[in-house]
Amino acid sequence: MLPALLVTALACPSIAFAAPRKPALDTDVVERLPLRAGDTATRELAALQASARAAGQDPQPAATLAQRYFDLAVARGDPRYVGYAEAVVARFPEPLPASLRAVRGQLRQYRHDFAGALDDFASALAADPELGVAHAWRGAIFLVQADYAATHKECEALLHLNRTVLHGGCFGLLQAYGGKLGAGQQSLQKALSATADAGNRLWLLTRLGEVAEWRGQPKVAEKHYREALGLGRDDGYLLAAWGDFLIDAGRPEDVLKDLAGWEASDNLLLRLAEAEAALKRPGAARLAQMLEDRFAAAKQRGDTTHQAEEARYQLRLRGNAKEALRLAAENYRVQREPRDARILLEAAIAAGDAAAAKPARDWLTSSGFEDARLRDLDQQLCSAVSPCGTALVIPLRSKAVEQETLSSPLRMVIRR
Amino acid sequence: MRLRSWLCGLLCLIALPALAHKASDSYLMLDVQGREVSGQWDIALRDIDFALGLDADGNGEITWGELRARHTDIAAWALGRLALQRGGACELQVADHLVDDHTDGAYAVLKLAGRCPSSMGDLKLDYRLLFDLDALHRGLLRLGLDGTTQTAVLSPTRSEQSFVAGEVSRLAQFGQYLVEGIWHIWIGFDHILFLLSLLLPAVLLHEARRWRGVANFHVAMVEVLWVVTAFTVAHSITLSLAALGLIELPSRVVESAIAASVVLAAANNLKPLVERRRWLVAFCFGLIHGFGFASVLAELGLPQETLVLSLLGFNLGVEIGQLAIVAVFLPFAYFLRDTPFYRRGIFVGGSLLMLAIALVWFVERAFDLKLISA
């Protein structure tokens, strides 16, 4: 009974207060579509749809169409395209051919069904051992799960297949996450110099930007991010990383400038809301409310893939440390990347609960991850909440003054 | 080309939490009260455009005019993907078209109206909107079923769902029939009189053509228990048989027989024929009274899905009504059993009065006359 009531209560904000209307004029514009009929992307999609229809049970055109939808979802931060891709794949009977398995693996990992995704990629590899993409994805999933031994195997497989750039990316990230930021930076840099492809360059530059940040080299990081942005391609992940960099650097005005018009993406809306809040702008409350509505909408459909963002929202915009910690801990059970560890540590400090952050602190110890900010957070948690664990303390090599300036805007937001 | 997307994959994965936000949802709010269905269905214009194509001039903007021109198509498309069943397929139609805004854009608002074949029982819902085009689409249902609100998420794997007319409402139905049972005993004077005519001698013993008071309360209690139980068992049998449509008797025969039963029971007090086995009298006439209760139940109507529960409720209600009468009457009669007031006034006088009233009823009912009843 009570859960039913809660669900009803949750359903109310988006349903009960809606006010349906009848527009006065036929010329009133009621909706703007993401794609226009004349757009290149629209024409390309239409052609792919037509060839997939014409191909009948031939899986290749369908795999191409599904992959295109998925790429669009990534570029625009729009999950509807993931649903379209899933529907295209679902039209084929089990067992799926390798090409469709490889696409479905990507769609499954999107839904955080990591076990299902790993399984799909493994089957795809069994059918086609040359399928580098499957190794790359498996490596990426193991990285997120902080299973570095398994990641290493996938990177090795890419090396044996002579996928130089993929291997460089895989191995560079493995090194960086595993306590060797400098070596990781070099591997990624090497992969970057080996490719002229704009798409490859964009993601390698983005990850190089992050690694430079972790190493306490904001100027290098900015150079990488700017070069990636200069490629002129829509990329939600790049914009989010750039937004985080600017927020940490105490430059919220730049966030509002560079992420303007990206409110449609929840992830970027979070960065915009944080920037508005840091500037104490009147629009901050509206953006925070928009975020809250979207989290509520996701909850209604049983979607729990946004917990890391929601934890950040609760901590930095609502000052609700307890709920933030719950969400961050829940998220850390599924995803264990540096950013997931960071929000868990921040929430634990705010909530004064060191025990809840133990998995992240254990990871810091076992991985030897070198980010000065995370080490600093670990220390804060240590001194604020005793008894302190046995997290490995690495002497801070970055300039203490610079570090202080970087984290101060964050602390200001936390105190709201 | 393929390599690039693979590479992108390595990055995309890490971008996951960012992307996992608003996928396609429709908001389906239904209110089913008995046969009547009303509701509202909000479907994203972007989703309708993906399925049907709304942007007639291809400028990336949907105007109210473009939408209005497709209202018939939209209604047919949507209603073709939603089926409701309550005792058979419910008829649904779109009564009005509006627009509204949700967190991810503008939605078409379809005002729904319809009727189901049955006013009772579980509701089955089959939802298939957009699943063929968007496997992540979800229908977010809020259903009011006879006043109880339930929610559900409709997905490709859970597109067909059944909703029980909630526990609360079943209980309420049981309670409703229970009250009807009690009420019927209270307003059904013929049943009360019959019961009283059997109860009046319970505190007395007829020996050597004379009445005397029973020795103790226990004796009276046992007698009452036999009588009431026999009456209950008997009328429960015929009530159930009649309610289930297994036996049907003309109501005039039943009503006349009930009146006759009171006449005979009262007469038996004045000139005892049956003394020891009054419970047998109670049983035999109870069978007749059961048909009387059944006619009341027929007027109320019995819900097919909760037939047994409702029947039980009604029977229990009748029982509670009877026990209330016994609880008031028995201590009073026992206390006064040896007084002339009881012997003459209540026992003889009461029996005579009941006999007279029941005779009038009998004549009225058997010959279809109006004598004293309105």
# chains A, B, ... in the order shown; residues from 1 in each chain; ligands from 1
call {"tool": "interface_residues", "arguments": {"of": "chain A", "to": "chain B", "cutoff": "6 Å", "atoms": "only C-alpha atoms", "output": "list in words"}}
result
Pro20, Arg21, Lys22, Asp26, Thr27, Asp28, Val29, Val30, Glu31, Arg32, Leu33, Arg36, Ala37, Gly77, Pro79, Arg80, Gly83, Tyr84, Glu86, Ala87, Tyr110, Val133, Trp137, Ala140, Tyr237, Asn267, Thr305 and His306 of chain A
call {"tool": "write_last_selection", "arguments": {"atoms": "C-alpha atoms", "output": "tab-separated table (two decimals), in the first residue's frame"}}
result
chain	number	residue	atom	x	y	z
A	20	PRO	CA	-3.34	20.51	-21.45
A	21	ARG	CA	-4.23	23.27	-23.86
A	22	LYS	CA	-5.62	23.84	-27.32
A	26	ASP	CA	-3.00	26.65	-36.87
A	27	THR	CA	0.32	28.41	-37.36
A	28	ASP	CA	1.30	28.03	-33.68
A	29	VAL	CA	4.45	25.94	-33.44
A	30	VAL	CA	3.90	23.24	-30.83
A	31	GLU	CA	7.17	21.33	-31.17
A	32	ARG	CA	10.60	21.62	-32.76
A	33	LEU	CA	12.05	18.34	-33.97
A	36	ARG	CA	14.76	18.39	-40.17
A	37	ALA	CA	13.81	16.65	-43.37
A	77	GLY	CA	23.01	12.69	-25.53
A	79	PRO	CA	18.54	8.07	-25.46
A	80	ARG	CA	15.57	7.82	-27.85
A	83	GLY	CA	15.51	2.68	-28.21
A	84	TYR	CA	15.29	2.90	-32.01
A	86	GLU	CA	17.15	-1.79	-29.91
A	87	ALA	CA	13.95	-2.08	-31.93
A	110	TYR	CA	24.11	1.59	-22.18
A	133	VAL	CA	35.41	-3.55	-31.43
A	137	TRP	CA	34.12	-2.69	-25.50
A	140	ALA	CA	35.98	-0.47	-21.50
A	237	TYR	CA	31.07	13.44	-23.16
A	267	ASN	CA	24.26	15.52	-18.10
A	305	THR	CA	21.32	4.57	-14.74
A	306	HIS	CA	21.63	8.22	-13.70
call {"tool": "residues_around", "arguments": {"residues": "Phe332 of chain B", "least_positions_apart": "3", "cutoff": "12 Å", "atoms": "only C-alpha atoms", "output": "list in words"}}
result
Leu199, Leu200, Ala202, Val203, Phe217, Ala220, Ile325, Val326, Ala327, Val328, Phe329, Phe335, Leu336, Arg337, Asp338, Thr339, Phe341, Tyr342 and Ile346 of chain B
call {"tool": "residues_around", "arguments": {"residues": "Leu264 of chain B", "least_positions_apart": "2", "cutoff": "12 Å", "atoms": "only C-alpha atoms", "output": "ChimeraX atom specification"}}
result
/B:193-194,197-198,257-262,266-274,278,281-282,284-285,351-352,354-356,358-359,362
call {"tool": "residues_around", "arguments": {"residues": "segment 90-94 of chain B", "least_positions_apart": "6", "cutoff": "12 Å", "atoms": "only C-alpha atoms", "output": "PyMOL selection string"}}
result
chain B and resi 30+32+34-42+71-84+108-119+123-126
